[in-house]
Amino acid sequence: MKNSKYIRNSIIWNQLISICEEQANVLLKVAFGALVREAGDISAGIFNNKGKMLAQAVTGTPGHVNTMAEAVPKFLKEIAPENLSKGDALITNDPWIGAGHIFDFVVVSPIFFKNKIIGYFASTCHVVDVGGIGWSAEGKSFFEEGILIPVSFLRKKKSINESLLKIITANSRVPNEARGDVLSLMSCNDAGINRLIDLLKENSLTNLLGTSKFIFDQSRISMKKIISKLKKGIFKNKTQLDGYDTPINLEAELEITDKNILINLEKSSKATSRGINCPFNYSVAYASYGVKAAIAPEIPNNSATLSFIKVRAPSGLIVSAIKPSPVTARHVVGQALPDLVLGCLHHIIPDKIPAESSGALWTISLRHDGDQPFNSLNVALGGMGAKHNEDGLSTTAFPSGVGSIPIEIVENEAPILYEMKEFMKNSGGIGKYRGGLGQKIVIKCIENKEMKISAAAFEKITKGPSGLKGGLSGSAGQVKISDGTKIKDKGMYIIPKGKKVIIITPGGGGYGNPKDRDQNQIKNDIKFGLVSK
Amino acid sequence: MYKIAVDIGGTFTDIVLTNGNEAYSEKVLTTNFNPEIGAIKGIQSILKKIGISINEINTIIHGTTLAANSIIQRKGAKTAFITTNGFRDILEMQYEKRFDQYNLNIKLPIPLVPRDLRFTLRERCLSSGKIILKPKINEIKILAKKLISLKIEAIAIGFLHSYNNAENELFVKNTLRKILPPKITLCTSHQICPEVREYERFSTTVANSFVRPLMIRYLDSLKKSLIKLGFKGKMFLISSDAGITTISQSKKFPIRLVESGPAGGVALASYVSKSLNENKSISLDIGGTTAKICYLKNGNAIKERKFEIARSDISKKGSGLPLKIPSIDLLEIGAGGGSIAKVDDTGRIKIGPESMGANPGPSCYNLGGRKPTITDANLIIGRITEKKFSDNSISLEKKNSNRAIKENIEKVLNFNSTEWAAVGIIEIAEEFMANSVRTHGIENGKKIQDHTLIATGGGGPLHSIGIAKKLGLKKIIIPKMAGVGSALGFLYTQANYEIAKSILKIIDELDLKKINSIIHQLILKAKNTIIDTGVTKNNVKTALTVEARYKGQGHQLRIGLSKSLKTHHDLKELKNKFIKKYKKRYGFIMPNVPIEIVSILVSCSQRKKEEPFNKTNLTNSKVYKKNIIKYNRVFDFSCNGWVNYKTIDRENLNFGFKIYGPALIRENQTTTIIPKHWKLSIHRLGHLIIKKIKKNEKLKIYSK
């Protein structure tokens, strides 16, 4: 009966999303890296027997989720499904297959039911260190950035591939964390498989074919409906990033047709010799994310939904870097793409588009290489752009879903001391609605040791995020060392013994004419010390 | 010797009185501005009814949602927050991420203390506990003046790493205490929640300060009124972890009362589980706006030390204010009788979290609501009828429900009939609830199928069997007197106090002497708190739990200890227990990674409680009266159409009565649905016990 089938399929769809959520929760619980467990640098999802993504966890970050959607078919190209057995788990950290840099591992586990592969679970997380030069944009090629594991068996039937794990741990400065995080991925997929098999049994299903068709059909109908309501045409936007030491241009032509949305990035800058290049898969992930958040936030992410958004760029650009380009800080470029495409969409749906946000996560990667070495990784967030009816959120990650690690946790893990972490006054772009504020962070080492800091992700230090509709730009970021050094490019810098690093993140862009700002809001901003008189 | 329980909810104040054998109840309207007035009125009324004097009451147990409401409505004291210099914005920065990836319009929780009332002092403690900067007296004095001139009512003090060394917090508190007028309250973060992670600790401390003046005023006023009335007994309060606590504790740590309302609901499930010897049970309370789920073991609610209050989206983690206090591990989801059903962008039926509440309520209330709700769907498929919906005798308009569901669901999805659309709403809603029960159970490592479901609230009996079927549960209990369930549960709540302390040390590097002295102090503190509630020393039961993880992880497993950590052998045993549990839960172990003790938890409770009242007025009759059965048609999803359900009023059911589904049991506030393949029996205490019929079970005579 049509009605009852419809209801049952809807229920199973909801359950698949919930299973992925649970899969993500297991990952958060078992993972070791603070960035994963405290800040949520992960993704989890379920795929059908063809490797098409059916559902994903809501928890996680778009760069991982949307790359993973593309990753599973690539895994299956490397190791054909007929060579897989029950209990197997595959792994890679290949930036061009996984999530765009060598730190992100993807694990794919086949789901066997009644001796047949009916689908796959996949998950991704960031591993703090995989050798090479560590977290830095200084690599001249990805060979220097750490050890690359091609698609391989992490577990064959029931036995874990300890030799492979040894290779990973032998190359990592934090071997235990690396081992733990890789196994966490496997464990969370297992949790997903167990739950899914229960679900199949409860519903007397033998495979996911019907479910898969239902999900994709419904998603297609919905996406078509949404796209049909949008104004057709080509809408452009461009932006400029600081780059490593010379500016990078990002340009998008977003074309809305009857069938889909095409994003052409071909006018963007060429790839550079430093590690801020972005593999195409990561660019696709973030460009699609931006479109989807603006036009279809409620439609669950899956292969069918994502298939309506096509991204184009010839190989070799900064947004489509090829092997062996260095790619460690690829998010500097990738995470600028949502604001870029939102800018295109602003021409047709202005009320749904915020002004520019501070963009890429500012990774604070501190380390000491001498006696009793340490490695500390955190992120610093800037302000979000203002909306057409509201101020932007201060110090909040966008487009990334990764938040910051609590100070007390960071200080427990490495001998560093935060002297300050506070809103940066006047950093939000003014306008009818004000951009969110950036923040000022001051850090030093408590052991009188020299530290190195990678400036790879300190983006928007030349020009702040742009405003919209007459709103002004947010303030640009700034990074300096207390010995007087000003950070100007994305290189490695030394923080000498006893000195501090001062990090100021960008503020979000403003929206609308500042003259139209409500008097009470102006008064409040002054009262709360967010803006000077 | 009488005992009274008073439960003040948003709309009603419930009073239950017992002499140990029988229980009597009373319901009065809550007097929102001065809730003690309603409570006193209710107490007087029940005393008059039963004909006893207040002299004969020796215990009053009280639960109130006052603290929670004050936070949700942001109506608390004018609170200032003093923190480490350089960190003024921790409360506002929060986790610095969006709780919903795709929503560009999310609203983050507004901090309880605005920026202009957040002050800093120059001081600093390291993660090791070493103090590198002491606060200066002069700066404190200057700040004190400012606080007075701002007419601050409550002050929260939270410094970085104070969970490890509280010296600076204490110094500032003591200095301020000497300067400030006594009516200004002071709270320090290490006292409220001595645990690592600054935002969560500060959030809890500030929330405590925010509700404290209000709660002190209220509790003092209630006590005064009771004494004036002639009450000479003792009064206790229900805390968030479903234990009881004293007035003086509550005045210090009012934040611990914040989940007192839902804890009360669970208290009924706890009482039922204990009196029926249900070792593994799930409490499911479905109200008008939300459903609340809690797992119980041996009749005690599973506890948690972190939850969120005042979420902007009830179903989204991270959209509320985090509180780190011991509480029952309750999952609340946006699905209740008034929850709105709609078709989302993908063409699926979606339930809540938006709700029509009680006013205008579901379309069938005929009070202006035009959106389809779960209640409307229940009416359409015949599970509830137009007449006799509740005590307040709201009569329901079926044609309104019909219109709402037809327009918003049936037509949009091209369904064959309104019944199909309605049954779709019910199925999706029940699946949503079942899935939440499932997820919550799995997160706690539970084998769900072994559990008995105890369903309360207006919606519990309606949906519990549908949910049980989806979860593979075999037994459901619909308690008697569920209408005043929380208050009834209060009467049988045990005194209980839990305290935790962050340790963050690798097991092999533990200083046994130091750890023992910490454990000793925690036990002493928890014990004394319990003894304050009137429990004799010999009756205090102490449980020791360690939270451990592999060094480098963020989540910990709870390991119960049978004794303190005195020898290296004890440590070895702890390690083994941890490894075993970890392997079982996650499928692998980390041989080279040290195991870290994150915190130590001490929980003291009352060893044994007098038996709950056993006798009931129900006669022990097995007489089966045929004429009490009527028939009603119900649209049944599992049968793909309309099915005749036997219908009986609950008041006609006596102990020993049995019936096979499909059947409906009606009572004032709700209806219990018993589908095909399920059977009902009445327990001696009046509870409905519904069980799945075993495959080869012989159906008895009264089956048809």
# chains A, B, ... in the order shown; residues from 1 in each chain; ligands from 1
call {"tool": "interface_residues", "arguments": {"of": "chain B", "to": "chain A", "cutoff": "8 Å", "atoms": "only C-alpha atoms", "output": "VMD selection string"}}
result
chain B and resid 85 to 90 93 95 to 98 100 to 104 114 to 116 126 to 128 160 to 161 196 to 199 344 to 349 415 to 416 420 424 427 to 428 431 435 439 443 470 551 to 556 586 to 588 590 592 to 593 637 640
call {"tool": "write_last_selection", "arguments": {"atoms": "C-alpha atoms", "output": "short mmCIF file (atom, residue, chain, number, x, y, z; two decimals), in the first residue's frame"}}
result
data_model
loop_
_atom_site.label_atom_id
_atom_site.label_comp_id
_atom_site.auth_asym_id
_atom_site.auth_seq_id
_atom_site.Cartn_x
_atom_site.Cartn_y
_atom_site.Cartn_z
CA ASN B 85 41.80 39.30 33.97
CA GLY B 86 41.85 38.81 30.20
CA PHE B 87 38.90 36.41 30.13
CA ARG B 88 35.86 38.60 30.46
CA ASP B 89 33.94 36.96 27.63
CA ILE B 90 34.09 33.22 28.37
CA MET B 93 32.06 33.08 23.59
CA TYR B 95 31.91 26.86 22.50
CA GLU B 96 32.48 29.28 19.58
CA LYS B 97 30.59 27.05 17.20
CA ARG B 98 27.16 26.79 15.68
CA ASP B 100 23.29 23.70 13.62
CA GLN B 101 25.59 23.51 10.58
CA TYR B 102 23.16 24.51 7.89
CA ASN B 103 21.11 27.13 9.65
CA LEU B 104 22.51 30.60 9.01
CA PRO B 114 25.69 40.80 30.34
CA ARG B 115 29.13 42.13 29.46
CA ASP B 116 28.85 45.34 31.50
CA LEU B 126 48.28 27.30 36.41
CA SER B 127 46.79 24.00 35.36
CA SER B 128 49.08 22.36 37.91
CA LEU B 160 40.79 29.71 35.64
CA HIS B 161 41.92 26.34 37.09
CA VAL B 196 37.79 21.40 34.50
CA ARG B 197 36.45 23.33 31.42
CA GLU B 198 35.99 26.96 32.24
CA TYR B 199 32.86 27.75 30.24
CA ASP B 344 9.09 19.49 5.51
CA ASP B 345 10.98 20.49 2.38
CA THR B 346 11.75 16.87 1.58
CA GLY B 347 8.13 15.76 1.72
CA ARG B 348 8.47 13.98 5.03
CA ILE B 349 6.19 14.44 8.00
CA PHE B 415 -2.59 10.53 0.84
CA ASN B 416 -5.78 8.51 0.23
CA TRP B 420 -3.79 7.75 6.64
CA GLY B 424 1.34 8.83 9.50
CA GLU B 427 3.79 6.64 13.38
CA ILE B 428 6.42 9.31 12.79
CA GLU B 431 9.18 6.51 15.92
CA ASN B 435 14.35 6.43 18.51
CA THR B 439 19.67 6.52 21.25
CA GLU B 443 24.67 6.18 24.70
CA LYS B 470 9.31 -0.37 17.92
CA LYS B 551 45.10 9.87 28.58
CA GLY B 552 44.34 12.19 25.72
CA GLN B 553 40.64 11.39 25.41
CA GLY B 554 37.82 13.73 26.24
CA HIS B 555 35.13 11.32 27.29
CA GLN B 556 35.31 9.10 30.32
CA TYR B 586 34.32 0.28 21.86
CA GLY B 587 35.82 -2.94 20.59
CA PHE B 588 39.52 -2.16 21.01
CA MET B 590 45.10 1.04 23.73
CA ASN B 592 50.52 1.71 25.39
CA VAL B 593 48.39 4.58 26.54
CA PHE B 637 -1.48 1.19 11.16
CA ASN B 640 -3.89 -1.19 7.52
#
call {"tool": "residues_around", "arguments": {"residues": "range 244-251 of chain B", "least_positions_apart": "6", "cutoff": "7 Å", "atoms": "only C-alpha atoms", "output": "PyMOL selection string"}}
result
chain B and resi 212+215-216+236-238+493-496+532-533
call {"tool": "write_last_selection", "arguments": {"atoms": "N, CA and C atoms", "output": "PDB file, in the first residue's frame"}}
result
ATOM      1  N   ARG B 212      19.826  32.433  43.078  1.00  0.00           N
ATOM      2  CA  ARG B 212      19.950  32.282  44.523  1.00  0.00           C
ATOM      3  C   ARG B 212      19.118  33.259  45.343  1.00  0.00           C
ATOM      4  N   MET B 215      15.528  32.245  45.249  1.00  0.00           N
ATOM      5  CA  MET B 215      15.253  30.994  45.933  1.00  0.00           C
ATOM      6  C   MET B 215      15.348  31.158  47.448  1.00  0.00           C
ATOM      7  N   ILE B 216      16.302  31.960  47.905  1.00  0.00           N
ATOM      8  CA  ILE B 216      16.413  32.197  49.347  1.00  0.00           C
ATOM      9  C   ILE B 216      15.134  32.867  49.854  1.00  0.00           C
ATOM     10  N   PHE B 236      11.962  19.157  53.262  1.00  0.00           N
ATOM     11  CA  PHE B 236      13.054  18.845  52.338  1.00  0.00           C
ATOM     12  C   PHE B 236      12.671  19.231  50.922  1.00  0.00           C
ATOM     13  N   LEU B 237      13.698  19.355  50.093  1.00  0.00           N
ATOM     14  CA  LEU B 237      13.432  19.678  48.687  1.00  0.00           C
ATOM     15  C   LEU B 237      13.944  18.585  47.773  1.00  0.00           C
ATOM     16  N   ILE B 238      13.295  18.497  46.628  1.00  0.00           N
ATOM     17  CA  ILE B 238      13.715  17.520  45.626  1.00  0.00           C
ATOM     18  C   ILE B 238      14.781  18.177  44.751  1.00  0.00           C
ATOM     19  N   THR B 493      11.105   9.355  47.826  1.00  0.00           N
ATOM     20  CA  THR B 493      12.444   9.714  47.394  1.00  0.00           C
ATOM     21  C   THR B 493      13.409   9.622  48.556  1.00  0.00           C
ATOM     22  N   GLN B 494      14.592   9.131  48.251  1.00  0.00           N
ATOM     23  CA  GLN B 494      15.584   8.997  49.302  1.00  0.00           C
ATOM     24  C   GLN B 494      16.525  10.181  49.323  1.00  0.00           C
ATOM     25  N   ALA B 495      17.062  10.420  50.505  1.00  0.00           N
ATOM     26  CA  ALA B 495      18.068  11.455  50.630  1.00  0.00           C
ATOM     27  C   ALA B 495      19.287  10.978  49.859  1.00  0.00           C
ATOM     28  N   ASN B 496      19.957  11.933  49.236  1.00  0.00           N
ATOM     29  CA  ASN B 496      21.022  11.522  48.352  1.00  0.00           C
ATOM     30  C   ASN B 496      21.846  12.752  48.026  1.00  0.00           C
ATOM     31  N   ASP B 532      22.410  15.694  57.572  1.00  0.00           N
ATOM     32  CA  ASP B 532      21.573  16.893  57.744  1.00  0.00           C
ATOM     33  C   ASP B 532      20.117  16.635  57.384  1.00  0.00           C
ATOM     34  N   THR B 533      19.874  15.707  56.486  1.00  0.00           N
ATOM     35  CA  THR B 533      18.500  15.453  56.082  1.00  0.00           C
ATOM     36  C   THR B 533      17.806  14.497  57.039  1.00  0.00           C
TER      37      THR B 533
END
call {"tool": "select_by_dssp", "arguments": {"residues": "range 246-441 of chain A", "states": "helix (DSSP H, G or I)", "output": "ChimeraX atom specification"}}
result
/A:280-295,303-306,331-334,337-345,350-352,407-413
call {"tool": "residues_around", "arguments": {"residues": "Ala455 in chain A", "least_positions_apart": "5", "cutoff": "9 Å", "atoms": "only C-alpha atoms", "output": "list in words"}}
result
Ser136, Ala137, Trp362, Thr363, Ile364, Ser365, Val479, Ile487, Lys488, Asp489, Lys490, Gly491, Met492 and Tyr493 of chain A
call {"tool": "write_last_selection", "arguments": {"atoms": "all heavy atoms", "output": "CSV table (one decimal), in the first residue's frame"}}
result
chain,number,residue,atom,x,y,z
A,136,SER,N,52.2,23.1,9.0
A,136,SER,CA,52.9,24.3,8.4
A,136,SER,C,52.6,24.4,7.0
A,136,SER,O,52.4,23.4,6.3
A,136,SER,CB,54.4,24.1,8.7
A,136,SER,OG,55.2,24.7,7.7
A,137,ALA,N,52.7,25.6,6.4
A,137,ALA,CA,52.5,25.8,5.0
A,137,ALA,C,53.9,25.8,4.3
A,137,ALA,O,53.9,26.1,3.1
A,137,ALA,CB,51.8,27.1,4.7
A,362,TRP,N,41.3,30.0,12.2
A,362,TRP,CA,42.7,30.3,12.5
A,362,TRP,C,43.3,29.2,13.3
A,362,TRP,O,43.0,29.2,14.5
A,362,TRP,CB,42.8,31.7,13.2
A,362,TRP,CG,42.7,32.8,12.2
A,362,TRP,CD1,42.0,32.9,11.1
A,362,TRP,CD2,43.3,34.1,12.4
A,362,TRP,NE1,42.2,34.2,10.5
A,362,TRP,CE2,43.0,34.9,11.3
A,362,TRP,CE3,44.2,34.6,13.4
A,362,TRP,CZ2,43.4,36.2,11.2
A,362,TRP,CZ3,44.6,35.9,13.3
A,362,TRP,CH2,44.3,36.7,12.2
A,363,THR,N,44.1,28.3,12.7
A,363,THR,CA,44.7,27.3,13.5
A,363,THR,C,45.9,27.9,14.3
A,363,THR,O,46.7,28.5,13.7
A,363,THR,CB,45.2,26.2,12.5
A,363,THR,OG1,44.1,25.9,11.6
A,363,THR,CG2,45.6,24.9,13.2
A,364,ILE,N,45.9,27.6,15.6
A,364,ILE,CA,47.0,28.0,16.4
A,364,ILE,C,47.8,26.8,16.6
A,364,ILE,O,47.5,26.0,17.4
A,364,ILE,CB,46.6,28.6,17.7
A,364,ILE,CG1,45.5,29.7,17.6
A,364,ILE,CG2,47.8,29.3,18.4
A,364,ILE,CD1,44.9,30.2,18.9
A,365,SER,N,48.9,26.7,15.8
A,365,SER,CA,49.7,25.5,16.0
A,365,SER,C,51.1,25.9,16.6
A,365,SER,O,51.9,26.6,16.0
A,365,SER,CB,50.0,24.9,14.6
A,365,SER,OG,51.0,23.9,14.6
A,479,VAL,N,48.6,39.5,13.7
A,479,VAL,CA,49.3,38.6,14.6
A,479,VAL,C,50.7,39.2,14.8
A,479,VAL,O,51.3,39.6,13.8
A,479,VAL,CB,49.4,37.2,14.0
A,479,VAL,CG1,50.0,36.3,15.0
A,479,VAL,CG2,48.1,36.7,13.5
A,487,ILE,N,53.6,39.5,12.0
A,487,ILE,CA,53.5,38.4,11.0
A,487,ILE,C,52.8,38.9,9.8
A,487,ILE,O,51.7,39.5,9.8
A,487,ILE,CB,52.7,37.2,11.7
A,487,ILE,CG1,53.6,36.6,12.7
A,487,ILE,CG2,52.2,36.2,10.6
A,487,ILE,CD1,53.0,35.4,13.5
A,488,LYS,N,53.5,38.7,8.6
A,488,LYS,CA,53.0,39.3,7.4
A,488,LYS,C,52.7,38.2,6.4
A,488,LYS,O,51.9,38.4,5.4
A,488,LYS,CB,54.1,40.2,6.8
A,488,LYS,CG,54.3,41.5,7.5
A,488,LYS,CD,55.0,42.5,6.7
A,488,LYS,CE,55.6,43.6,7.5
A,488,LYS,NZ,57.1,43.5,7.6
A,489,ASP,N,53.3,37.0,6.5
A,489,ASP,CA,53.0,36.0,5.5
A,489,ASP,C,52.6,34.7,6.3
A,489,ASP,O,52.4,34.7,7.5
A,489,ASP,CB,54.2,35.7,4.6
A,489,ASP,CG,55.4,35.3,5.4
A,489,ASP,OD1,55.3,34.8,6.5
A,489,ASP,OD2,56.5,35.6,4.9
A,490,LYS,N,52.5,33.6,5.6
A,490,LYS,CA,52.0,32.4,6.2
A,490,LYS,C,53.1,31.4,6.6
A,490,LYS,O,53.0,30.2,6.7
A,490,LYS,CB,51.0,31.7,5.3
A,490,LYS,CG,49.8,32.6,5.1
A,490,LYS,CD,48.6,31.8,4.6
A,490,LYS,CE,47.3,32.6,4.7
A,490,LYS,NZ,47.3,34.0,4.4
A,491,GLY,N,54.3,32.0,6.9
A,491,GLY,CA,55.5,31.2,7.2
A,491,GLY,C,55.5,30.7,8.7
A,491,GLY,O,54.5,30.7,9.4
A,492,MET,N,56.7,30.1,9.1
A,492,MET,CA,56.9,29.7,10.4
A,492,MET,C,57.6,30.8,11.2
A,492,MET,O,58.5,31.5,10.6
A,492,MET,CB,57.8,28.5,10.5
A,492,MET,CG,57.2,27.2,10.0
A,492,MET,SD,55.8,26.6,11.0
A,492,MET,CE,56.7,26.0,12.5
A,493,TYR,N,57.2,31.1,12.4
A,493,TYR,CA,57.8,32.1,13.2
A,493,TYR,C,58.3,31.6,14.5
A,493,TYR,O,57.7,30.7,15.1
A,493,TYR,CB,56.8,33.3,13.4
A,493,TYR,CG,56.5,34.1,12.1
A,493,TYR,CD1,55.6,33.6,11.2
A,493,TYR,CD2,57.2,35.3,11.9
A,493,TYR,CE1,55.4,34.4,10.0
A,493,TYR,CE2,57.0,36.0,10.8
A,493,TYR,CZ,56.1,35.6,9.8
A,493,TYR,OH,55.9,36.3,8.7
call {"tool": "select_by_dssp", "arguments": {"residues": "range 41-108 of chain B", "states": "strand (DSSP E or B)", "output": "list in words"}}
result
Ile57, Asn58, Thr59, Ile60, Ile61, His62, Gly63, Thr64, Thr79, Ala80, Phe81, Ile82, Thr83 and Thr84 of chain B
call {"tool": "residues_around", "arguments": {"residues": "Ser339 in chain B", "least_positions_apart": "3", "cutoff": "9 Å", "atoms": "only C-alpha atoms", "output": "list of chain:residue names"}}
result
B:Gly288, B:Thr289, B:Thr290, B:Gly334, B:Ala335, B:Gly336, B:Ile351, B:Gly352, B:Pro353, B:Glu354, B:Ser355, B:Met356, B:Gly357, B:Pro362, B:Pro372, B:Thr373, B:Ile374, B:Thr375
call {"tool": "residues_around", "arguments": {"residues": "Thr671 in chain B", "least_positions_apart": "3", "cutoff": "7 Å", "atoms": "only C-alpha atoms", "output": "ChimeraX atom specification"}}
result
/B:384,461-462,664-667
call {"tool": "residues_around", "arguments": {"residues": "Cys20 in chain A", "least_positions_apart": "5", "cutoff": "7 Å", "atoms": "only C-alpha atoms", "output": "list in words"}}
result
Ala44, Gly45, Ile46, Gln56, Ala57 and Gly192 of chain A
call {"tool": "residues_around", "arguments": {"residues": "range 14-31 of chain B", "least_positions_apart": "2", "cutoff": "10 Å", "atoms": "only C-alpha atoms", "output": "PDB file with C-alpha atoms, in the first residue's frame"}}
result
ATOM      1  CA  MET B   1       2.448  10.408  61.547  1.00  0.00           C
ATOM      2  CA  TYR B   2       1.757  11.981  58.188  1.00  0.00           C
ATOM      3  CA  LYS B   3       3.873  13.081  55.296  1.00  0.00           C
ATOM      4  CA  ILE B   4       3.012  15.629  52.622  1.00  0.00           C
ATOM      5  CA  ALA B   5       4.490  16.128  49.174  1.00  0.00           C
ATOM      6  CA  VAL B   6       4.052  19.401  47.332  1.00  0.00           C
ATOM      7  CA  ASP B   7       4.863  19.689  43.649  1.00  0.00           C
ATOM      8  CA  ILE B   8       4.586  23.161  42.160  1.00  0.00           C
ATOM      9  CA  GLY B   9       4.354  23.006  38.392  1.00  0.00           C
ATOM     10  CA  GLY B  10       3.706  25.657  35.787  1.00  0.00           C
ATOM     11  CA  THR B  11      -0.091  25.314  35.922  1.00  0.00           C
ATOM     12  CA  PHE B  12      -0.994  23.118  38.861  1.00  0.00           C
ATOM     13  CA  PHE B  33       3.993  35.359  41.579  1.00  0.00           C
ATOM     14  CA  ASN B  34       4.069  33.874  45.057  1.00  0.00           C
ATOM     15  CA  PRO B  35       4.008  30.119  44.568  1.00  0.00           C
ATOM     16  CA  GLU B  36       4.030  29.543  48.343  1.00  0.00           C
ATOM     17  CA  ILE B  37       0.481  30.916  48.544  1.00  0.00           C
ATOM     18  CA  GLY B  38      -0.898  28.176  46.314  1.00  0.00           C
ATOM     19  CA  ALA B  39       1.129  25.559  48.148  1.00  0.00           C
ATOM     20  CA  ILE B  40      -0.189  26.640  51.543  1.00  0.00           C
ATOM     21  CA  LYS B  41      -3.724  26.756  50.214  1.00  0.00           C
ATOM     22  CA  GLY B  42      -3.381  23.232  48.859  1.00  0.00           C
ATOM     23  CA  ILE B  43      -1.952  21.931  52.122  1.00  0.00           C
ATOM     24  CA  SER B  45      -7.332  22.107  51.809  1.00  0.00           C
ATOM     25  CA  ILE B  46      -6.067  18.537  51.982  1.00  0.00           C
ATOM     26  CA  LEU B  47      -5.720  18.700  55.765  1.00  0.00           C
ATOM     27  CA  LYS B  49     -10.465  17.091  53.666  1.00  0.00           C
ATOM     28  CA  ILE B  50      -8.795  14.337  55.637  1.00  0.00           C
ATOM     29  CA  GLU B  56       0.411  15.659  62.748  1.00  0.00           C
ATOM     30  CA  ILE B  57       2.559  16.270  59.686  1.00  0.00           C
ATOM     31  CA  ILE B  60       7.017  17.945  53.927  1.00  0.00           C
ATOM     32  CA  ILE B  61       8.813  17.171  50.660  1.00  0.00           C
ATOM     33  CA  HIS B  62       8.733  19.850  48.074  1.00  0.00           C
ATOM     34  CA  GLY B  63       9.635  20.170  44.426  1.00  0.00           C
ATOM     35  CA  MET B 481      -2.501   8.113  40.278  1.00  0.00           C
ATOM     36  CA  GLY B 483      -2.082  12.618  37.535  1.00  0.00           C
ATOM     37  CA  VAL B 484      -0.228  13.571  40.697  1.00  0.00           C
ATOM     38  CA  GLY B 485       2.664  11.274  39.920  1.00  0.00           C
ATOM     39  CA  SER B 486       5.514  13.584  40.766  1.00  0.00           C
ATOM     40  CA  ALA B 487       4.183  14.460  44.177  1.00  0.00           C
ATOM     41  CA  LEU B 488       3.484  10.814  44.894  1.00  0.00           C
ATOM     42  CA  GLY B 489       7.018   9.966  43.855  1.00  0.00           C
ATOM     43  CA  PHE B 490       8.429  12.617  46.196  1.00  0.00           C
ATOM     44  CA  LEU B 491       7.122  10.724  49.196  1.00  0.00           C
ATOM     45  CA  GLU B 610      10.432   2.313  54.877  1.00  0.00           C
ATOM     46  CA  GLU B 611       8.262   0.373  52.477  1.00  0.00           C
ATOM     47  CA  PRO B 612       5.961   2.368  50.273  1.00  0.00           C
ATOM     48  CA  PHE B 613       2.311   2.017  51.097  1.00  0.00           C
ATOM     49  CA  ASN B 614       1.203  -1.429  50.151  1.00  0.00           C
ATOM     50  CA  LYS B 615      -2.421  -1.539  50.932  1.00  0.00           C
ATOM     51  CA  THR B 616      -4.852  -0.121  48.527  1.00  0.00           C
ATOM     52  CA  ASN B 617      -8.540   0.385  48.478  1.00  0.00           C
TER      53      ASN B 617
END
call {"tool": "closest_residue", "arguments": {"among": "A:Trp96, A:Leu16, A:Glu447, A:Ser357", "to": "Gln372 in chain A", "atoms": "only C-alpha atoms"}}
result
A:Glu447
call {"tool": "atom_distance", "arguments": {"atom1": "CA of Asn161 in chain A", "atom2": "CA of Val108 in chain A"}}
result
14.5 Å
